$ cat target-v4.txt   # compact mmCIF, C-alpha atoms
# COMPACT_ATOMS: atom_id res chain seq x y z
CA MET A 140 83.12 99.51 194.48
CA THR A 141 86.21 99.06 196.59
CA THR A 142 89.38 97.50 195.28
CA GLU A 143 89.07 94.56 197.66
CA THR A 144 85.45 93.89 196.67
CA PHE A 145 86.42 93.96 193.01
CA ARG A 146 89.28 91.51 193.57
CA GLN A 147 87.00 89.09 195.42
CA GLU A 148 84.33 89.27 192.72
CA ALA A 149 86.88 88.90 189.92
CA GLN A 150 88.41 85.85 191.57
CA ARG A 151 84.99 84.32 192.23
CA MET A 152 83.69 84.69 188.65
CA ARG A 153 86.91 84.11 186.71
CA THR A 154 86.36 80.37 186.25
CA THR A 155 82.80 80.93 185.03
CA LEU A 156 83.95 83.53 182.53
CA VAL A 157 86.77 81.34 181.24
CA ARG A 158 84.32 78.47 180.81
CA LEU A 159 81.93 80.74 178.91
CA ALA A 160 84.70 82.04 176.64
CA PHE A 161 86.09 78.55 176.04
CA GLY A 162 82.63 77.29 175.09
CA ILE A 163 82.49 79.89 172.35
CA LEU A 164 86.10 80.02 171.18
CA ARG A 165 87.20 76.40 171.78
CA ASP A 166 90.69 77.66 172.61
CA SER A 167 91.82 77.85 176.24
CA ASP A 168 94.59 80.41 175.66
CA GLU A 169 92.26 82.68 173.74
CA ALA A 170 89.57 82.25 176.41
CA GLU A 171 92.03 83.29 179.11
CA ASP A 172 93.01 86.35 177.07
CA VAL A 173 89.37 87.36 176.63
CA VAL A 174 88.65 87.05 180.35
CA GLN A 175 91.78 89.03 181.17
CA ASP A 176 90.64 91.80 178.78
CA VAL A 177 87.15 91.83 180.30
CA LEU A 178 88.46 91.96 183.85
CA LEU A 179 90.80 94.80 182.90
CA ARG A 180 87.90 96.69 181.37
CA LEU A 181 85.80 96.12 184.49
CA TRP A 182 88.71 97.25 186.65
CA GLN A 183 88.87 100.50 184.72
CA MET A 184 85.13 100.97 185.33
CA ARG A 185 85.14 99.84 188.96
CA ASP A 186 84.15 103.27 190.34
CA GLN A 187 80.89 103.16 188.37
CA LEU A 188 80.10 99.48 189.01
CA ARG A 189 77.41 98.22 191.36
CA MET A 190 76.90 94.71 192.64
CA PRO A 191 76.38 92.20 191.16
CA ILE A 192 78.91 92.61 188.35
CA GLU A 193 78.84 89.05 187.03
CA PRO A 194 75.94 89.62 184.58
CA LEU A 195 77.83 92.54 183.04
CA ALA A 196 81.03 90.48 182.95
CA ARG A 197 79.22 87.64 181.19
CA VAL A 198 77.80 89.99 178.56
CA LEU A 199 81.18 91.63 177.98
CA THR A 200 82.85 88.22 177.70
CA ARG A 201 80.24 86.91 175.27
CA ASN A 202 80.44 90.06 173.12
CA ARG A 203 84.23 89.96 173.04
CA CYS A 204 84.11 86.32 171.94
CA ILE A 205 81.60 87.13 169.22
CA ASP A 206 83.93 89.86 167.97
CA ILE A 207 86.79 87.36 167.81
CA VAL A 208 84.69 84.76 165.99
CA ARG A 209 83.54 87.38 163.49
CA ARG A 210 87.07 88.59 162.84
CA LYS A 211 88.27 85.11 162.14
CA LYS A 212 87.47 84.30 158.57
CA PRO A 213 88.20 80.57 158.73
CA ALA A 214 85.73 79.67 156.05
CA ALA A 215 87.58 81.16 153.09
CA GLU A 216 90.95 79.81 154.17
CA LEU A 217 89.44 76.44 155.08
CA SER A 218 87.65 76.08 151.78
CA MET A 219 90.84 76.65 149.82
CA ALA A 220 92.97 74.46 152.09
CA VAL A 221 90.59 71.53 152.01
CA PHE A 222 89.89 71.66 148.32
CA GLN A 223 93.34 71.95 146.80
CA GLU A 224 92.29 69.32 144.32
CA GLU A 225 92.36 69.76 140.58
CA ASP A 226 88.64 70.45 140.49
CA GLU A 227 88.65 74.14 139.58
CA ALA A 228 84.86 74.22 139.23
CA LEU A 229 84.43 73.13 142.83
CA ARG A 230 86.82 75.83 144.07
CA GLU A 231 85.01 78.49 142.08
CA ARG A 232 81.69 77.33 143.49
CA ILE A 233 83.03 77.51 147.05
CA GLU A 234 84.42 81.00 146.44
CA ARG A 235 81.03 82.13 145.11
CA MET A 236 79.30 80.59 148.11
CA MET A 237 81.62 82.38 150.54
CA LYS A 238 80.97 85.69 148.77
CA VAL A 239 77.25 85.11 149.11
CA ILE A 240 77.61 84.31 152.83
CA GLU A 241 79.58 87.53 153.35
CA THR A 242 76.61 89.53 152.03
CA LEU A 243 74.29 88.25 154.77
CA PRO A 244 73.42 90.39 157.80
CA ASP A 245 75.98 90.00 160.61
CA LEU A 246 73.77 87.90 162.88
CA GLN A 247 72.79 85.47 160.13
CA GLN A 248 76.39 85.25 158.98
CA THR A 249 77.57 84.56 162.52
CA ILE A 250 74.92 81.92 163.20
CA LEU A 251 75.60 80.20 159.87
CA ARG A 252 79.33 80.08 160.52
CA LEU A 253 78.98 78.94 164.13
CA ARG A 254 76.61 76.14 163.16
CA HIS A 255 78.14 74.87 159.94
CA MET A 256 81.79 75.85 160.15
CA GLU A 257 82.41 75.64 163.89
CA GLY A 258 79.94 72.80 164.50
CA MET A 259 78.27 74.46 167.48
CA GLU A 260 74.92 73.26 168.81
CA PHE A 261 71.81 75.45 168.73
CA LYS A 262 71.84 75.78 172.51
CA GLU A 263 75.44 77.06 172.50
CA ILE A 264 74.69 79.53 169.72
CA ALA A 265 71.60 80.75 171.57
CA GLU A 266 73.66 81.37 174.70
CA LEU A 267 76.35 83.11 172.69
CA THR A 268 73.95 85.41 170.90
CA GLY A 269 71.70 85.98 173.91
CA SER A 270 68.74 84.53 172.04
CA THR A 271 66.52 81.47 172.20
CA GLU A 272 67.10 78.20 170.36
CA VAL A 273 63.92 78.82 168.35
CA ALA A 274 65.17 82.25 167.25
CA VAL A 275 68.55 80.77 166.30
CA ARG A 276 66.88 78.03 164.25
CA LYS A 277 64.70 80.61 162.48
CA ALA A 278 67.67 82.91 161.76
CA LEU A 279 69.66 79.94 160.44
CA SER A 280 66.75 78.93 158.23
CA ARG A 281 66.51 82.46 156.85
CA ALA A 282 70.27 82.57 156.28
CA ARG A 283 70.21 79.26 154.40
CA GLN A 284 67.29 80.42 152.26
CA ALA A 285 69.04 83.72 151.48
CA VAL A 286 72.21 81.85 150.49
CA ARG A 287 70.22 79.51 148.23
CA ASP A 288 68.38 82.39 146.58
CA LYS A 289 71.47 84.55 146.06
CA PHE A 290 73.61 81.62 144.93
CA LYS A 291 71.11 80.71 142.22
CA ARG A 292 71.20 84.28 140.89
CA ILE A 293 74.98 84.35 140.51

$ encode --input "target-v4.txt" --output "structure tokens"
Amino acid sequence: MTTETFRQEAQRMRTTLVRLAFGILRDSDEAEDVVQDVLLRLWQMRDQLRMPIEPLARVLTRNRCIDIVRRKKPAAELSMAVFQEEDEALRERIERMMKVIETLPDLQQTILRLRHMEGMEFKEIAELTGSTEVAVRKALSRARQAVRDKFKRI
């Protein structure tokens, strides 16, 4: 791929990629950073790339966003910030629940957090994970059941 072709393609798909990243991250600055990283990575691979490159760029963007969401551990900090009340039993219960959630497989953990902690819709989660809404609902159901079962045992 020539340099000029890459520049044209990058300019053409940039808005789409930013929109995709923003839909996942809900932060415009972070979305811009992700797209910049993806475009840099594509630039470094430009000699091996073939047209069209947008599907690859979308996958790279989505995966990078998933990595960022996974690295953020908002749940533990949120639970302690929100429940700074005197109720020690409630805090202990939340800590136990978060430990149980952290034992889930990565996909279930991600879907559970995106749905219940980030408030994302099933359609958005399906797009993010490259799955169907039915599969996301099933994975969420399994994650909830696993949390219930493990939480009862603790």

$ residues_around --input "target-v4.txt" --residues "Val157 (chain A)" --least-positions-apart "2" --cutoff "10 Å" --atoms "all atoms listed in the file" --output "PyMOL selection string"
chain A and resi 152-155+159-163+167-175+197+200

$ atom_distance --input "target-v4.txt" --atom1 "CA of Glu227 (chain A)" --atom2 "CA of Gln284 (chain A)"
25.6 Å

$ residues_around --input "target-v4.txt" --residues "region 182-189 of chain A" --least-positions-apart "4" --cutoff "10 Å" --atoms "only C-alpha atoms" --output "list in words"
Met140, Thr141, Thr142, Thr144, Phe145, Arg146, Ala149, Asp176, Val177, Leu178 and Leu195 of chain A

$ closest_residue --input "target-v4.txt" --among "A:His255, A:Arg165, A:Leu179, A:Gln247" --to "Ala274 (chain A)" --atoms "all atoms listed in the file"
A:Gln247

$ atom_distance --input "target-v4.txt" --atom1 "CA of Met259 (chain A)" --atom2 "CA of Met236 (chain A)"
20.3 Å

$ atom_distance --input "target-v4.txt" --atom1 "CA of Val275 (chain A)" --atom2 "CA of Cys204 (chain A)"
17.5 Å

$ residues_around --input "target-v4.txt" --residues "Leu251 (chain A)" --least-positions-apart "3" --cutoff "8 Å" --atoms "all atoms listed in the file" --output "VMD selection string"
chain A and resid 247 to 248 254 to 256 279 282 to 283

$ closest_residue --input "target-v4.txt" --among "A:Arg230, A:Lys262, A:Arg158, A:Arg235" --to "Lys289 (chain A)" --atoms "all atoms listed in the file"
A:Arg235

$ closest_residue --input "target-v4.txt" --among "A:Ala278, A:Ala285, A:Val198, A:Val273" --to "Ile250 (chain A)" --atoms "all atoms listed in the file"
A:Ala278

$ closest_residue --input "target-v4.txt" --among "A:Glu231, A:Glu148, A:Glu263, A:Glu241" --to "Arg201 (chain A)" --atoms "all atoms listed in the file"
A:Glu263

$ closest_residue --input "target-v4.txt" --among "A:Glu234, A:Ala228, A:Val239, A:Lys211" --to "Lys291 (chain A)" --atoms "only C-alpha atoms"
A:Val239
